[in-house]
file final22.tsv (TSV, C-alpha atoms)
chain	number	residue	atom	x	y	z
K	1	VAL	CA	0.00	0.00	0.00
K	2	GLY	CA	2.77	2.42	0.95
K	3	LEU	CA	4.72	1.69	-2.22
K	4	TYR	CA	1.63	2.28	-4.34
K	5	ILE	CA	0.99	5.65	-2.72
K	6	PHE	CA	4.65	6.63	-3.07
K	7	ARG	CA	4.79	5.69	-6.74
K	8	LYS	CA	1.56	7.50	-7.51
K	9	SER	CA	2.50	10.59	-5.52
K	10	THR	CA	5.78	11.30	-7.29
K	11	ARG	CA	5.32	12.92	-10.66
K	12	VAL	CA	8.24	13.11	-13.01
K	13	GLY	CA	8.35	16.18	-15.21
K	14	THR	CA	5.84	18.31	-13.37
K	15	ASP	CA	5.63	21.86	-14.54
K	16	MET	CA	7.44	23.88	-11.89
K	17	ALA	CA	6.25	27.12	-13.49
K	18	ALA	CA	2.58	26.29	-12.96
K	19	SER	CA	0.58	28.74	-10.96
K	20	GLY	CA	-0.43	27.93	-7.42
K	21	MET	CA	-4.06	27.34	-8.42
K	22	ASP	CA	-3.08	25.00	-11.25
K	23	HIS	CA	-0.82	23.07	-8.92
K	24	LEU	CA	-3.56	22.84	-6.29
K	25	LYS	CA	-6.06	21.59	-8.88
K	26	ARG	CA	-3.63	18.93	-10.10
K	27	ARG	CA	-2.90	17.77	-6.53
K	28	LEU	CA	-6.60	17.62	-5.71
K	29	GLU	CA	-7.34	15.69	-8.91
K	30	HIS	CA	-4.57	13.26	-8.02
K	31	GLU	CA	-5.89	12.80	-4.48
K	32	ARG	CA	-9.41	12.32	-5.83
K	33	ASP	CA	-8.20	9.61	-8.20
K	34	LEU	CA	-6.36	7.82	-5.39
K	35	LEU	CA	-9.46	7.88	-3.20
K	36	ARG	CA	-11.64	6.59	-6.03
K	37	SER	CA	-9.34	3.61	-6.54
K	38	ALA	CA	-8.72	2.92	-2.83
K	39	TRP	CA	-10.81	-0.25	-3.01
K	40	LEU	CA	-8.25	-1.67	-5.43
K	41	TRP	CA	-5.00	-0.83	-3.66
K	42	TYR	CA	-6.16	-0.50	-0.03
K	43	VAL	CA	-9.04	-2.91	0.58
K	44	GLY	CA	-8.36	-5.44	-2.18
K	45	PRO	CA	-4.97	-6.73	-0.96
K	46	MET	CA	-6.44	-7.56	2.46
K	47	VAL	CA	-9.29	-9.71	1.13
K	48	PRO	CA	-7.28	-12.89	0.37
K	49	GLY	CA	-5.74	-12.86	3.85
K	50	PHE	CA	-9.11	-12.53	5.55
K	51	VAL	CA	-10.66	-15.20	3.35
K	52	LEU	CA	-7.82	-17.63	4.04
K	53	SER	CA	-7.91	-16.92	7.78
K	54	TYR	CA	-11.64	-17.45	8.07
K	55	LEU	CA	-11.55	-20.48	5.79
K	56	GLY	CA	-8.75	-21.99	7.87
K	57	TYR	CA	-10.67	-21.42	11.09
K	58	TRP	CA	-13.81	-22.92	9.59
K	59	MET	CA	-11.91	-25.99	8.34
K	60	ALA	CA	-10.29	-26.46	11.77
K	61	ASN	CA	-13.62	-26.02	13.60
K	62	PRO	CA	-16.42	-27.06	11.22
K	63	GLU	CA	-18.83	-27.51	14.12
K	64	ARG	CA	-18.64	-23.75	14.91
K	65	PRO	CA	-19.38	-21.88	11.67
K	66	ILE	CA	-21.01	-18.98	13.54
K	67	PHE	CA	-17.65	-17.33	14.25
K	68	VAL	CA	-16.70	-17.39	10.58
K	69	LEU	CA	-20.08	-16.04	9.53
K	70	VAL	CA	-20.09	-13.22	12.07
K	71	ALA	CA	-16.42	-12.29	11.63
K	72	GLY	CA	-16.66	-12.52	7.84
K	73	GLY	CA	-19.79	-10.39	7.83
K	74	LEU	CA	-18.23	-7.76	10.07
K	75	THR	CA	-15.06	-7.72	7.98
K	76	PHE	CA	-17.10	-7.32	4.81
K	77	ALA	CA	-19.14	-4.52	6.39
K	78	LEU	CA	-15.96	-2.73	7.48
K	79	ALA	CA	-14.47	-3.05	3.98
K	80	VAL	CA	-17.64	-1.63	2.42
K	81	PHE	CA	-17.62	1.19	4.98
K	82	VAL	CA	-14.01	2.09	4.08
K	83	VAL	CA	-14.84	2.09	0.37
K	84	VAL	CA	-17.91	4.28	0.93
K	85	LEU	CA	-15.92	6.76	3.04
K	86	ASN	CA	-13.23	7.01	0.38
K	87	ARG	CA	-15.82	7.52	-2.35
K	88	ARG	CA	-17.48	10.25	-0.29
K	89	ALA	CA	-14.14	11.99	0.24
K	90	ALA	CA	-13.48	11.77	-3.52
K	91	ARG	CA	-16.85	13.44	-4.22
K	92	GLN	CA	-16.05	16.23	-1.76
K	93	ILE	CA	-12.70	16.81	-3.45
K	94	GLU	CA	-14.45	16.82	-6.83
K	95	SER	CA	-16.78	19.59	-5.66
K	96	GLU	CA	-13.77	21.53	-4.39
K	97	ILE	CA	-12.09	21.14	-7.78
K	98	ARG	CA	-15.25	22.41	-9.50
K	99	SER	CA	-15.32	25.47	-7.25
K	100	LEU	CA	-11.67	26.20	-8.08
K	101	ARG	CA	-12.45	26.09	-11.82
K	102	LYS	CA	-15.02	28.88	-11.51
call {"tool": "encode", "arguments": {"input": "final22.tsv", "output": "structure tokens"}}
result
Amino acid sequence: VGLYIFRKSTRVGTDMAASGMDHLKRRLEHERDLLRSAWLWYVGPMVPGFVLSYLGYWMANPERPIFVLVAGGLTFALAVFVVVLNRRAARQIESEIRSLRK
């Protein structure tokens, strides 16, 4: 996750002569794009680990599936919550970008 953010945050060949407003708009657009794709680089890499953990627990204790169902459901709800929060933040940044264009 950290490497992805670092790679996406460094821009080679940026225009150093750009005005402050242009630079701010570009940075906000970049942040908006990162937030829109957070499900892919932030939530997505954790899914296989959770699935394997819960599957392993279920296979070790097949007589107690309730833990896997509850924990899996809560994990899924948390992942959806994180995605929704990031999408909301991206929309707020988009409205800020629109106000800067006026």
call {"tool": "residues_around", "arguments": {"input": "final22.tsv", "residues": "K:Val47", "least_positions_apart": "5", "cutoff": "12 Å", "atoms": "only C-alpha atoms", "output": "number ranges by chain"}}
result
K: 39-42, 52-55, 72, 75-76, 78-80
call {"tool": "closest_residue", "arguments": {"input": "final22.tsv", "among": "K:Gly49, K:Val68, K:Lys25, K:Ala38", "to": "K:Leu85", "atoms": "only C-alpha atoms"}}
result
K:Ala38
call {"tool": "residues_around", "arguments": {"input": "final22.tsv", "residues": "K:Glu94", "least_positions_apart": "4", "cutoff": "8 Å", "atoms": "all atoms listed in the file", "output": "list of chain:residue names"}}
result
K:Leu28, K:Glu29, K:Arg32, K:Ala90, K:Arg98
call {"tool": "residues_around", "arguments": {"input": "final22.tsv", "residues": "K:Arg88", "least_positions_apart": "4", "cutoff": "12 Å", "atoms": "only C-alpha atoms", "output": "PyMOL selection string"}}
result
chain K and resi 32+35-36+38+81-84+92-95
call {"tool": "atom_distance", "arguments": {"input": "final22.tsv", "atom1": "atom CA of K:Lys102", "atom2": "atom CA of K:Leu34"}}
result
23.6 Å
call {"tool": "closest_residue", "arguments": {"input": "final22.tsv", "among": "K:Leu100, K:Gly20, K:Arg27, K:Asp33", "to": "K:Arg87", "atoms": "only C-alpha atoms"}}
result
K:Asp33
call {"tool": "atom_distance", "arguments": {"input": "final22.tsv", "atom1": "atom CA of K:Leu3", "atom2": "atom CA of K:Arg91"}}
result
24.6 Å
call {"tool": "closest_residue", "arguments": {"input": "final22.tsv", "among": "K:Val51, K:Arg101, K:His23, K:Met59", "to": "K:Gly73", "atoms": "only C-alpha atoms"}}
result
K:Val51
call {"tool": "residues_around", "arguments": {"input": "final22.tsv", "residues": "K:Trp58", "least_positions_apart": "6", "cutoff": "9 Å", "atoms": "only C-alpha atoms", "output": "list in words"}}
result
Arg64, Pro65, Phe67 and Val68 of chain K
call {"tool": "write_last_selection", "arguments": {"input": "final22.tsv", "atoms": "C-alpha atoms", "output": "mmCIF file, in the frame of the given file"}}
result
data_model
loop_
_atom_site.group_PDB
_atom_site.id
_atom_site.type_symbol
_atom_site.label_atom_id
_atom_site.label_comp_id
_atom_site.auth_asym_id
_atom_site.auth_seq_id
_atom_site.Cartn_x
_atom_site.Cartn_y
_atom_site.Cartn_z
ATOM 1 C CA ARG K 64 -18.640 -23.750 14.910
ATOM 2 C CA PRO K 65 -19.380 -21.880 11.670
ATOM 3 C CA PHE K 67 -17.650 -17.330 14.250
ATOM 4 C CA VAL K 68 -16.700 -17.390 10.580
#
